[in-house]
$ cat protein-v7.txt   # compact mmCIF, C-alpha atoms
# COMPACT_ATOMS: atom_id res chain seq x y z
CA MET A 115 76.85 -79.31 -53.96
CA ARG A 116 75.43 -82.45 -55.47
CA THR A 117 76.21 -83.55 -59.03
CA TYR A 118 73.45 -85.21 -61.07
CA ASP A 119 74.34 -87.28 -64.11
CA ILE A 120 71.48 -86.61 -66.54
CA SER A 121 73.00 -88.64 -69.40
CA LEU A 122 71.59 -91.85 -70.80
CA THR A 123 73.77 -94.94 -70.64
CA ILE A 124 74.82 -95.94 -74.15
CA SER A 125 74.38 -99.64 -74.86
CA PRO A 126 72.84 -101.82 -77.58
CA ASP A 127 69.67 -101.82 -75.43
CA LEU A 128 69.12 -98.08 -75.81
CA PRO A 129 66.30 -97.28 -78.25
CA VAL A 130 67.43 -95.46 -81.39
CA TRP A 131 65.54 -93.19 -83.74
CA PRO A 132 63.56 -95.27 -86.29
CA GLY A 133 65.69 -95.69 -89.40
CA ASP A 134 68.96 -94.88 -87.62
CA PRO A 135 71.57 -97.64 -87.38
CA GLU A 136 71.60 -99.78 -84.26
CA ILE A 137 74.25 -99.09 -81.61
CA VAL A 138 77.01 -101.67 -82.05
CA LEU A 139 79.79 -102.10 -79.48
CA GLU A 140 82.39 -104.66 -80.47
CA ARG A 141 85.39 -105.41 -78.27
CA PHE A 142 88.05 -106.22 -80.86
CA SER A 143 91.03 -106.47 -78.49
CA LYS A 144 90.45 -108.92 -75.63
CA MET A 145 92.77 -109.58 -72.71
CA GLU A 146 91.18 -113.00 -72.11
CA GLU A 147 92.37 -113.99 -75.60
CA GLY A 148 95.93 -112.78 -75.02
CA ASP A 149 95.66 -109.22 -76.29
CA PRO A 150 97.56 -106.64 -74.20
CA CYS A 151 94.43 -104.68 -73.36
CA ASN A 152 90.68 -104.41 -73.95
CA VAL A 153 89.60 -102.06 -76.73
CA THR A 154 86.10 -101.59 -78.11
CA LYS A 155 84.81 -100.18 -81.39
CA ILE A 156 81.56 -98.28 -81.58
CA SER A 157 79.29 -97.85 -84.56
CA ALA A 158 76.21 -95.65 -84.19
CA SER A 159 74.33 -92.59 -85.34
CA LEU A 160 75.73 -89.36 -83.89
CA HIS A 161 72.18 -88.69 -82.61
CA LEU A 162 72.21 -91.47 -80.04
CA GLY A 163 71.28 -91.27 -76.40
CA THR A 164 71.96 -87.88 -74.85
CA HIS A 165 73.06 -85.70 -77.74
CA VAL A 166 73.18 -82.18 -79.11
CA ASP A 167 71.74 -81.12 -82.48
CA ALA A 168 73.76 -78.71 -84.60
CA PRO A 169 71.92 -76.20 -86.83
CA TYR A 170 73.24 -78.20 -89.82
CA HIS A 171 71.01 -81.11 -88.68
CA TYR A 172 67.93 -79.35 -90.12
CA LEU A 173 69.23 -76.27 -91.94
CA ASN A 174 71.26 -75.75 -95.11
CA SER A 175 74.91 -76.47 -95.68
CA ASP A 176 76.01 -73.03 -94.45
CA ALA A 177 74.56 -73.67 -90.99
CA PRO A 178 76.93 -74.18 -88.04
CA THR A 179 78.11 -77.71 -87.35
CA ILE A 180 78.52 -79.26 -83.92
CA GLU A 181 82.13 -78.29 -83.22
CA GLN A 182 81.17 -74.64 -83.77
CA LEU A 183 78.59 -74.45 -80.98
CA PRO A 184 79.75 -72.03 -78.28
CA LEU A 185 80.72 -73.67 -75.00
CA HIS A 186 79.32 -70.69 -73.09
CA LEU A 187 75.80 -71.74 -74.15
CA LEU A 188 76.39 -75.40 -73.28
CA THR A 189 77.57 -74.56 -69.77
CA GLY A 190 76.04 -72.31 -67.15
CA ARG A 191 72.87 -71.68 -65.17
CA ALA A 192 69.88 -73.74 -66.17
CA TYR A 193 66.33 -74.24 -64.98
CA VAL A 194 64.62 -77.62 -64.86
CA LEU A 195 60.87 -77.18 -65.41
CA GLU A 196 58.75 -80.16 -64.36
CA LEU A 197 55.52 -80.57 -66.28
CA PRO A 198 52.57 -82.68 -65.09
CA ASN A 199 52.16 -86.16 -66.53
CA GLU A 200 48.99 -84.98 -68.28
CA VAL A 201 50.96 -82.75 -70.67
CA ASP A 202 51.21 -84.62 -73.98
CA LEU A 203 52.50 -81.72 -76.05
CA ILE A 204 54.43 -78.68 -74.85
CA THR A 205 52.66 -75.76 -76.51
CA ALA A 206 52.99 -71.98 -76.16
CA ALA A 207 49.90 -72.10 -73.95
CA VAL A 208 51.53 -74.64 -71.64
CA LEU A 209 54.63 -72.41 -71.42
CA GLU A 210 52.56 -69.30 -70.70
CA HIS A 211 51.01 -71.06 -67.73
CA SER A 212 54.34 -72.42 -66.45
CA GLU A 213 56.37 -70.45 -63.96
CA ILE A 214 59.64 -70.08 -65.82
CA PRO A 215 61.86 -67.76 -63.75
CA PRO A 216 62.69 -64.40 -65.38
CA ARG A 217 66.04 -64.25 -67.23
CA THR A 218 66.14 -68.04 -67.74
CA ARG A 219 68.48 -68.76 -70.66
CA ARG A 220 68.78 -72.54 -70.45
CA LEU A 221 65.60 -74.54 -69.94
CA LEU A 222 65.33 -78.29 -69.46
CA PHE A 223 61.92 -79.95 -69.59
CA LYS A 224 61.20 -82.81 -67.23
CA THR A 225 58.11 -84.60 -68.51
CA ARG A 226 56.60 -88.04 -68.23
CA ASN A 227 59.30 -89.08 -70.76
CA SER A 228 61.84 -89.35 -67.94
CA ALA A 229 59.88 -92.28 -66.50
CA ILE A 230 60.60 -94.15 -69.74
CA TRP A 231 64.32 -94.11 -68.86
CA ALA A 232 63.72 -95.00 -65.23
CA GLN A 233 61.74 -98.02 -66.49
CA GLN A 234 64.53 -98.92 -68.98
CA LYS A 235 62.12 -99.38 -71.86
CA ARG A 236 64.10 -100.72 -74.80
CA GLN A 237 61.55 -100.04 -77.50
CA PHE A 238 61.28 -96.67 -79.20
CA GLN A 239 58.22 -94.79 -77.86
CA PRO A 240 56.67 -92.66 -80.62
CA ASP A 241 54.18 -90.98 -78.26
CA PHE A 242 56.86 -89.04 -76.37
CA VAL A 243 56.21 -85.49 -75.10
CA ALA A 244 57.83 -82.79 -77.26
CA LEU A 245 57.57 -79.12 -78.22
CA SER A 246 55.03 -77.81 -80.72
CA PRO A 247 56.19 -75.24 -83.29
CA ASP A 248 54.44 -72.46 -81.36
CA ALA A 249 56.31 -73.46 -78.21
CA ALA A 250 59.57 -73.18 -80.17
CA GLU A 251 58.55 -69.67 -81.28
CA TYR A 252 57.63 -68.76 -77.71
CA LEU A 253 61.00 -69.89 -76.33
CA ALA A 254 63.02 -68.16 -79.05
CA HIS A 255 61.10 -64.93 -78.45
CA HIS A 256 61.53 -65.13 -74.69
CA GLY A 257 65.32 -65.23 -74.69
CA ILE A 258 65.85 -68.97 -74.25
CA ARG A 259 69.24 -69.95 -75.74
CA LEU A 260 69.29 -73.66 -74.87
CA VAL A 261 66.48 -76.21 -74.64
CA GLY A 262 66.80 -79.72 -73.24
CA VAL A 263 64.23 -82.49 -73.55
CA ASP A 264 63.95 -85.91 -71.97
CA TYR A 265 63.26 -88.06 -75.02
CA LEU A 266 65.06 -88.49 -78.32
CA SER A 267 63.63 -85.47 -80.17
CA VAL A 268 62.63 -81.91 -79.30
CA ALA A 269 59.81 -82.19 -81.87
CA PRO A 270 56.73 -84.42 -82.01
CA PHE A 271 57.33 -87.72 -83.80
CA HIS A 272 54.95 -86.97 -86.68
CA LEU A 273 56.03 -83.33 -87.14
CA PRO A 274 59.80 -83.16 -86.75
CA ALA A 275 60.86 -80.28 -89.01
CA PRO A 276 59.17 -77.05 -87.85
CA THR A 277 60.17 -77.19 -84.16
CA HIS A 278 63.77 -78.00 -85.05
CA GLU A 279 63.94 -75.32 -87.74
CA ILE A 280 62.50 -72.55 -85.56
CA LEU A 281 64.88 -73.29 -82.70
CA LEU A 282 67.99 -73.85 -84.80
CA LYS A 283 67.40 -70.78 -86.99
CA SER A 284 67.12 -68.73 -83.80
CA GLY A 285 70.45 -70.07 -82.54
CA VAL A 286 68.84 -72.05 -79.73
CA VAL A 287 70.95 -75.06 -78.74
CA ILE A 288 68.98 -78.32 -78.57
CA ILE A 289 69.86 -81.16 -76.19
CA GLU A 290 67.89 -84.35 -76.66
CA GLY A 291 67.77 -87.59 -74.70
CA LEU A 292 68.21 -86.28 -71.16
CA ASP A 293 67.29 -88.47 -68.22
CA LEU A 294 65.79 -86.12 -65.64
CA SER A 295 64.13 -88.85 -63.57
CA GLN A 296 66.42 -88.16 -60.58
CA VAL A 297 66.21 -84.36 -60.73
CA ARG A 298 63.64 -82.03 -59.21
CA GLN A 299 62.35 -78.78 -60.64
CA GLY A 300 64.69 -75.92 -59.85
CA ARG A 301 67.93 -74.08 -60.60
CA TYR A 302 71.19 -75.84 -61.40
CA THR A 303 74.45 -75.32 -63.21
CA LEU A 304 74.56 -77.32 -66.44
CA TYR A 305 77.66 -78.76 -68.10
CA CYS A 306 76.71 -80.39 -71.40
CA LEU A 307 79.80 -81.36 -73.37
CA PRO A 308 79.19 -82.91 -76.81
CA LEU A 309 82.02 -84.62 -78.66
CA LYS A 310 83.89 -82.18 -80.91
CA ILE A 311 83.33 -83.73 -84.32
CA ALA A 312 84.39 -81.83 -87.43
CA GLY A 313 81.53 -80.76 -89.69
CA ALA A 314 78.93 -82.91 -87.95
CA ASP A 315 75.16 -82.46 -87.69
CA GLY A 316 75.18 -83.46 -84.03
CA ALA A 317 77.15 -85.32 -81.40
CA PRO A 318 76.61 -87.50 -78.37
CA ALA A 319 77.25 -85.68 -75.09
CA ARG A 320 77.70 -86.21 -71.42
CA ALA A 321 75.56 -83.83 -69.44
CA ILE A 322 75.56 -83.10 -65.72
CA LEU A 323 73.73 -80.76 -63.41
CA ILE A 324 75.29 -79.33 -60.30
CA GLY A 325 72.97 -78.21 -57.53
CA VAL A 326 73.29 -74.52 -56.68
CA MET B 20 86.75 -66.48 -66.44
CA ARG B 21 87.99 -67.85 -69.71
CA THR B 22 87.03 -71.32 -70.98
CA TYR B 23 89.65 -73.35 -72.85
CA ASP B 24 88.60 -76.23 -75.05
CA ILE B 25 91.36 -78.80 -74.64
CA SER B 26 89.67 -81.48 -76.76
CA LEU B 27 90.92 -82.73 -80.10
CA THR B 28 88.64 -82.32 -83.10
CA ILE B 29 87.42 -85.72 -84.25
CA SER B 30 87.71 -86.24 -88.00
CA PRO B 31 89.06 -88.89 -90.38
CA ASP B 32 92.31 -86.83 -90.37
CA LEU B 33 92.98 -87.46 -86.69
CA PRO B 34 95.73 -90.04 -86.12
CA VAL B 35 94.55 -93.24 -84.44
CA TRP B 36 96.44 -95.79 -82.40
CA PRO B 37 98.24 -98.28 -84.68
CA GLY B 38 95.98 -101.28 -85.21
CA ASP B 39 92.81 -99.45 -84.19
CA PRO B 40 90.09 -98.94 -86.80
CA GLU B 41 90.12 -95.70 -88.77
CA ILE B 42 87.60 -93.01 -87.84
CA VAL B 43 84.73 -93.19 -90.32
CA LEU B 44 82.04 -90.50 -90.50
CA GLU B 45 79.30 -91.25 -93.01
CA ARG B 46 76.38 -88.90 -93.53
CA PHE B 47 73.59 -91.35 -94.38
CA SER B 48 70.69 -88.87 -94.37
CA LYS B 49 71.29 -85.90 -96.69
CA MET B 50 69.05 -82.86 -97.10
CA GLU B 51 70.53 -82.12 -100.52
CA GLU B 52 69.18 -85.51 -101.66
CA GLY B 53 65.69 -84.87 -100.30
CA ASP B 54 66.04 -86.35 -96.83
CA PRO B 55 64.31 -84.36 -94.06
CA CYS B 56 67.57 -83.74 -92.17
CA ASN B 57 71.28 -84.46 -92.09
CA VAL B 58 72.34 -87.41 -89.94
CA THR B 59 75.80 -88.95 -89.68
CA LYS B 60 77.00 -92.34 -88.52
CA ILE B 61 80.33 -92.77 -86.75
CA SER B 62 82.49 -95.84 -86.59
CA ALA B 63 85.66 -95.70 -84.47
CA SER B 64 87.60 -97.10 -81.55
CA LEU B 65 86.38 -95.79 -78.20
CA HIS B 66 89.98 -94.68 -77.58
CA LEU B 67 89.95 -91.96 -80.23
CA GLY B 68 91.04 -88.37 -79.85
CA THR B 69 90.54 -86.99 -76.35
CA HIS B 70 89.40 -89.96 -74.30
CA VAL B 71 89.36 -91.54 -70.86
CA ASP B 72 90.71 -95.01 -70.05
CA ALA B 73 88.70 -97.19 -67.69
CA PRO B 74 90.53 -99.64 -65.39
CA TYR B 75 89.04 -102.45 -67.50
CA HIS B 76 91.20 -101.24 -70.43
CA TYR B 77 94.29 -102.88 -68.86
CA LEU B 78 93.03 -104.83 -65.83
CA ASN B 79 90.90 -107.93 -65.42
CA SER B 80 87.21 -108.34 -66.05
CA ASP B 81 86.29 -107.27 -62.50
CA ALA B 82 87.83 -103.84 -62.99
CA PRO B 83 85.56 -100.78 -63.24
CA THR B 84 84.28 -99.83 -66.68
CA ILE B 85 83.96 -96.31 -68.03
CA GLU B 86 80.41 -95.54 -66.87
CA GLN B 87 81.46 -96.35 -63.30
CA LEU B 88 84.15 -93.66 -63.04
CA PRO B 89 83.18 -91.07 -60.44
CA LEU B 90 82.29 -87.67 -61.84
CA HIS B 91 83.87 -85.97 -58.82
CA LEU B 92 87.29 -87.10 -60.05
CA LEU B 93 86.61 -86.00 -63.64
CA THR B 94 85.60 -82.49 -62.56
CA GLY B 95 87.33 -80.08 -60.22
CA ARG B 96 90.56 -78.25 -59.59
CA ALA B 97 93.45 -79.25 -61.82
CA TYR B 98 97.02 -78.13 -62.39
CA VAL B 99 98.62 -77.89 -65.82
CA LEU B 100 102.36 -78.59 -65.57
CA GLU B 101 104.39 -77.45 -68.55
CA LEU B 102 107.54 -79.45 -69.19
CA PRO B 103 110.45 -78.24 -71.33
CA ASN B 104 110.69 -79.51 -74.92
CA GLU B 105 113.83 -81.44 -73.95
CA VAL B 106 111.85 -83.86 -71.78
CA ASP B 107 111.41 -87.06 -73.83
CA LEU B 108 110.14 -89.24 -71.01
CA ILE B 109 108.36 -88.15 -67.83
CA THR B 110 110.19 -90.04 -65.07
CA ALA B 111 109.99 -89.89 -61.29
CA ALA B 112 113.18 -87.80 -61.39
CA VAL B 113 111.52 -85.28 -63.72
CA LEU B 114 108.54 -85.08 -61.38
CA GLU B 115 110.74 -84.62 -58.30
CA HIS B 116 112.31 -81.59 -59.96
CA SER B 117 109.00 -80.14 -61.12
CA GLU B 118 107.14 -77.70 -58.94
CA ILE B 119 103.81 -79.45 -58.54
CA PRO B 120 101.76 -77.45 -56.03
CA PRO B 121 100.98 -79.25 -52.74
CA ARG B 122 97.57 -80.97 -52.58
CA THR B 123 97.32 -81.26 -56.37
CA ARG B 124 94.85 -84.06 -57.16
CA ARG B 125 94.42 -83.61 -60.92
CA LEU B 126 97.55 -83.10 -63.00
CA LEU B 127 97.70 -82.42 -66.73
CA PHE B 128 101.05 -82.57 -68.52
CA LYS B 129 101.75 -80.07 -71.27
CA THR B 130 104.72 -81.36 -73.24
CA ARG B 131 106.11 -80.93 -76.71
CA ASN B 132 103.29 -83.29 -77.79
CA SER B 133 100.84 -80.38 -77.80
CA ALA B 134 102.75 -78.83 -80.72
CA ILE B 135 101.85 -81.94 -82.75
CA TRP B 136 98.18 -80.93 -82.52
CA ALA B 137 98.88 -77.27 -83.22
CA GLN B 138 100.69 -78.42 -86.38
CA GLN B 139 97.79 -80.74 -87.30
CA LYS B 140 100.07 -83.68 -88.01
CA ARG B 141 97.93 -86.45 -89.44
CA GLN B 142 100.40 -89.30 -89.02
CA PHE B 143 100.74 -91.21 -85.78
CA GLN B 144 103.90 -90.08 -83.94
CA PRO B 145 105.42 -93.02 -82.02
CA ASP B 146 108.06 -90.84 -80.30
CA PHE B 147 105.53 -88.98 -78.16
CA VAL B 148 106.33 -87.94 -74.58
CA ALA B 149 104.75 -90.21 -71.95
CA LEU B 150 105.10 -91.37 -68.35
CA SER B 151 107.58 -94.04 -67.28
CA PRO B 152 106.42 -96.70 -64.82
CA ASP B 153 108.36 -95.01 -61.99
CA ALA B 154 106.56 -91.74 -62.75
CA ALA B 155 103.24 -93.59 -62.45
CA GLU B 156 104.34 -94.95 -59.05
CA TYR B 157 105.42 -91.48 -57.98
CA LEU B 158 102.06 -89.92 -58.90
CA ALA B 159 100.01 -92.67 -57.27
CA HIS B 160 102.05 -92.32 -54.08
CA HIS B 161 101.76 -88.53 -54.04
CA GLY B 162 97.97 -88.39 -54.00
CA ILE B 163 97.32 -87.71 -57.69
CA ARG B 164 93.85 -89.01 -58.62
CA LEU B 165 93.70 -87.94 -62.27
CA VAL B 166 96.42 -87.65 -64.91
CA GLY B 167 96.04 -86.04 -68.32
CA VAL B 168 98.50 -86.29 -71.19
CA ASP B 169 98.70 -84.51 -74.52
CA TYR B 170 99.21 -87.45 -76.87
CA LEU B 171 97.27 -90.67 -77.41
CA SER B 172 98.74 -92.73 -74.57
CA VAL B 173 99.90 -92.11 -71.01
CA ALA B 174 102.61 -94.76 -71.52
CA PRO B 175 105.60 -94.88 -73.88
CA PHE B 176 104.81 -96.45 -77.25
CA HIS B 177 107.11 -99.46 -76.75
CA LEU B 178 106.15 -100.08 -73.10
CA PRO B 179 102.39 -99.58 -72.78
CA ALA B 180 101.35 -101.97 -70.00
CA PRO B 181 103.20 -101.05 -66.76
CA THR B 182 102.34 -97.33 -66.66
CA HIS B 183 98.67 -98.04 -67.39
CA GLU B 184 98.51 -100.87 -64.86
CA ILE B 185 100.12 -98.91 -62.03
CA LEU B 186 97.82 -95.92 -62.51
CA LEU B 187 94.63 -97.89 -63.07
CA LYS B 188 95.25 -100.27 -60.15
CA SER B 189 95.71 -97.22 -57.94
CA GLY B 190 92.39 -95.76 -59.08
CA VAL B 191 94.02 -92.89 -60.96
CA VAL B 192 91.85 -91.66 -63.82
CA ILE B 193 93.71 -91.37 -67.14
CA ILE B 194 92.81 -88.80 -69.80
CA GLU B 195 94.65 -89.15 -73.10
CA GLY B 196 94.74 -87.01 -76.22
CA LEU B 197 94.47 -83.54 -74.68
CA ASP B 198 95.43 -80.51 -76.73
CA LEU B 199 97.10 -78.13 -74.30
CA SER B 200 98.74 -75.97 -76.97
CA GLN B 201 96.61 -72.94 -76.03
CA VAL B 202 96.94 -73.32 -72.25
CA ARG B 203 99.64 -72.03 -69.92
CA GLN B 204 100.99 -73.70 -66.82
CA GLY B 205 98.78 -72.99 -63.84
CA ARG B 206 95.61 -73.72 -61.93
CA TYR B 207 92.24 -74.30 -63.61
CA THR B 208 88.94 -76.02 -63.06
CA LEU B 209 88.63 -79.13 -65.24
CA TYR B 210 85.43 -80.58 -66.66
CA CYS B 211 86.19 -83.81 -68.50
CA LEU B 212 82.99 -85.63 -69.48
CA PRO B 213 83.42 -88.98 -71.22
CA LEU B 214 80.47 -90.62 -72.93
CA LYS B 215 78.60 -92.94 -70.56
CA ILE B 216 78.97 -96.28 -72.32
CA ALA B 217 77.87 -99.45 -70.56
CA GLY B 218 80.68 -101.86 -69.74
CA ALA B 219 83.27 -100.11 -71.88
CA ASP B 220 87.06 -100.01 -71.56
CA GLY B 221 87.13 -96.29 -72.34
CA ALA B 222 85.20 -93.50 -73.97
CA PRO B 223 85.77 -90.36 -75.99
CA ALA B 224 85.33 -87.18 -73.97
CA ARG B 225 84.98 -83.45 -74.28
CA ALA B 226 87.30 -81.70 -71.87
CA ILE B 227 87.45 -78.04 -70.94
CA LEU B 228 89.45 -75.93 -68.53
CA ILE B 229 88.06 -72.85 -66.88
CA GLY B 230 90.52 -70.23 -65.68
CA VAL B 231 90.35 -69.56 -61.94
$ encode --input "protein-v7.txt" --output "structure tokens"
Amino acid sequence: MRTYDISLTISPDLPVWPGDPEIVLERFSKMEEGDPCNVTKISASLHLGTHVDAPYHYLNSDAPTIEQLPLHLLTGRAYVLELPNEVDLITAAVLEHSEIPPRTRRLLFKTRNSAIWAQQKRQFQPDFVALSPDAAEYLAHHGIRLVGVDYLSVAPFHLPAPTHEILLKSGVVIIEGLDLSQVRQGRYTLYCLPLKIAGADGAPARAILIGV
Amino acid sequence: MRTYDISLTISPDLPVWPGDPEIVLERFSKMEEGDPCNVTKISASLHLGTHVDAPYHYLNSDAPTIEQLPLHLLTGRAYVLELPNEVDLITAAVLEHSEIPPRTRRLLFKTRNSAIWAQQKRQFQPDFVALSPDAAEYLAHHGIRLVGVDYLSVAPFHLPAPTHEILLKSGVVIIEGLDLSQVRQGRYTLYCLPLKIAGADGAPARAILIGV
């Protein structure tokens, strides 16, 4: 069984969401300067790189926060659906014409976005492929409990709220910032483990796929 | 199969290593103030809460950094060894008298430290249970490839370097800050997924055990 690391590498070179703070890594304890060990401080948005959105990211203050998301949704069987490079927006119509296996509960979308990571583009790309609101409705109504996308938002850049709200209100877990460039369409076992941060709207995660 | 979350909850209340920066969580985008969504910034040492040490934490600049640690060591069969509350220091003698199953490769120590987490003690506790240098030698020589401990360092507070150096030079992965208070001695499958941070000396992780 092969393990695929589908997480982005966190570094100051990773693009961040416009308006979010830059990723700062500062090694404040340095062995070469006589300190006993090397220790680094990080400063960043919780929505950096590969990360999970909590319902509280887009819903009201009663919505679940990241440490409350059930691990049984974040781990288990998942299907990677590869969409052609021509798909600019994942709509309900696109989903209807895709062959998503019956009883799929966790669905990861491999789109032309994944090539952005393979090319190590440092600049934020606003024309990324994402899900339209009607695609979010479609997924929620077809029993999908977890959605993963391969750029930094599940929603189109110029229309962020509806897609997030529909998914999060339906209890669908959202993983953003996956790198699926090394993974083919098919069935896997997913382990996506976000940091357990009290009361937070999201958290960075390490995510892997294990071939089945 | 039951899943156990053995990760600490990250919050400003979590004790940090003396001298490390405090954990700061600042929600800079607030829906109640008219922002489109809630977004939080974190600022903290990479060695906060449940985390993994890279060899570069205590070795020279050629040593592997956190994103280079092999996932096949961080995931797989693990044994939780519960030590009596009387054990103040895990020595080679303690290990010789413990019944570690043959062919154990990943070993997590449940000590009286885990009660500190169950009691939610906010202050750093310098008298935590840790591994002596001869225990580190013993483990490295007995085929252990991953060690997990239930307080913030694998080494005693007043003697940090030797235990770290012996383990890291031997390629043993170190997980620190586990909460094993809800887990019994026995065999499990471990998934410990640290954030993938370029060139870093360590990284926070989410760690789970699955009953076998």
$ interface_residues --input "protein-v7.txt" --of "chain B" --to "chain A" --cutoff "9 Å" --atoms "all atoms listed in the file" --output "NGL selection string"
:B and (22 or 24 or 26-31 or 39-40 or 44 or 46-47 or 50-51 or 55-66 or 75-80 or 86 or 90-91 or 179-180 or 210-221 or 223-227)
$ write_last_selection --input "protein-v7.txt" --atoms "C-alpha atoms" --output "compact mmCIF listing (two decimals), in the coordinates of the input"
# COMPACT_ATOMS: atom_id res chain seq x y z
CA THR B 22 87.03 -71.32 -70.98
CA ASP B 24 88.60 -76.23 -75.05
CA SER B 26 89.67 -81.48 -76.76
CA LEU B 27 90.92 -82.73 -80.10
CA THR B 28 88.64 -82.32 -83.10
CA ILE B 29 87.42 -85.72 -84.25
CA SER B 30 87.71 -86.24 -88.00
CA PRO B 31 89.06 -88.89 -90.38
CA ASP B 39 92.81 -99.45 -84.19
CA PRO B 40 90.09 -98.94 -86.80
CA LEU B 44 82.04 -90.50 -90.50
CA ARG B 46 76.38 -88.90 -93.53
CA PHE B 47 73.59 -91.35 -94.38
CA MET B 50 69.05 -82.86 -97.10
CA GLU B 51 70.53 -82.12 -100.52
CA PRO B 55 64.31 -84.36 -94.06
CA CYS B 56 67.57 -83.74 -92.17
CA ASN B 57 71.28 -84.46 -92.09
CA VAL B 58 72.34 -87.41 -89.94
CA THR B 59 75.80 -88.95 -89.68
CA LYS B 60 77.00 -92.34 -88.52
CA ILE B 61 80.33 -92.77 -86.75
CA SER B 62 82.49 -95.84 -86.59
CA ALA B 63 85.66 -95.70 -84.47
CA SER B 64 87.60 -97.10 -81.55
CA LEU B 65 86.38 -95.79 -78.20
CA HIS B 66 89.98 -94.68 -77.58
CA TYR B 75 89.04 -102.45 -67.50
CA HIS B 76 91.20 -101.24 -70.43
CA TYR B 77 94.29 -102.88 -68.86
CA LEU B 78 93.03 -104.83 -65.83
CA ASN B 79 90.90 -107.93 -65.42
CA SER B 80 87.21 -108.34 -66.05
CA GLU B 86 80.41 -95.54 -66.87
CA LEU B 90 82.29 -87.67 -61.84
CA HIS B 91 83.87 -85.97 -58.82
CA PRO B 179 102.39 -99.58 -72.78
CA ALA B 180 101.35 -101.97 -70.00
CA TYR B 210 85.43 -80.58 -66.66
CA CYS B 211 86.19 -83.81 -68.50
CA LEU B 212 82.99 -85.63 -69.48
CA PRO B 213 83.42 -88.98 -71.22
CA LEU B 214 80.47 -90.62 -72.93
CA LYS B 215 78.60 -92.94 -70.56
CA ILE B 216 78.97 -96.28 -72.32
CA ALA B 217 77.87 -99.45 -70.56
CA GLY B 218 80.68 -101.86 -69.74
CA ALA B 219 83.27 -100.11 -71.88
CA ASP B 220 87.06 -100.01 -71.56
CA GLY B 221 87.13 -96.29 -72.34
CA PRO B 223 85.77 -90.36 -75.99
CA ALA B 224 85.33 -87.18 -73.97
CA ARG B 225 84.98 -83.45 -74.28
CA ALA B 226 87.30 -81.70 -71.87
CA ILE B 227 87.45 -78.04 -70.94
$ residues_around --input "protein-v7.txt" --residues "B:Gly167" --least-positions-apart "3" --cutoff "10 Å" --atoms "only C-alpha atoms" --output "MDAnalysis selection string"
chainID B and resid 69:71 97:99 125:129 170 172:173 192:197 199
$ atom_distance --input "protein-v7.txt" --atom1 "atom CA of B:Arg96" --atom2 "atom CA of B:Val166"
12.3 Å
$ atom_distance --input "protein-v7.txt" --atom1 "atom CA of B:Leu165" --atom2 "atom CA of B:Gly190"
8.5 Å
$ residues_around --input "protein-v7.txt" --residues "stretch 130-146 of chain B" --least-positions-apart "3" --cutoff "7 Å" --atoms "all atoms listed in the file" --output "compact mmCIF listing (two decimals) with C-alpha atoms, in the coordinates of the input"
# COMPACT_ATOMS: atom_id res chain seq x y z
CA ASP B 32 92.31 -86.83 -90.37
CA LEU B 33 92.98 -87.46 -86.69
CA PRO B 34 95.73 -90.04 -86.12
CA VAL B 35 94.55 -93.24 -84.44
CA GLU B 101 104.39 -77.45 -68.55
CA LEU B 102 107.54 -79.45 -69.19
CA PRO B 103 110.45 -78.24 -71.33
CA ASN B 104 110.69 -79.51 -74.92
CA ASP B 169 98.70 -84.51 -74.52
CA TYR B 170 99.21 -87.45 -76.87
CA PHE B 176 104.81 -96.45 -77.25
CA ASP B 198 95.43 -80.51 -76.73
CA LEU B 199 97.10 -78.13 -74.30
CA SER B 200 98.74 -75.97 -76.97
$ axis_aligned_box --input "protein-v7.txt" --around "stretch 179-193 of chain A" --padding-each-side "4 Å" --output "AutoDock Vina command-line options"
--center_x 74.2 --center_y -75.0 --center_z -76.2 --size_x 23.8 --size_y 16.6 --size_z 30.4
$ atom_distance --input "protein-v7.txt" --atom1 "atom CA of B:Arg206" --atom2 "atom CA of B:Gln87"
26.7 Å
$ closest_residue --input "protein-v7.txt" --among "A:Ala249, A:Leu304, A:Ala269, A:Val326" --to "A:Leu188" --atoms "all atoms listed in the file"
A:Leu304
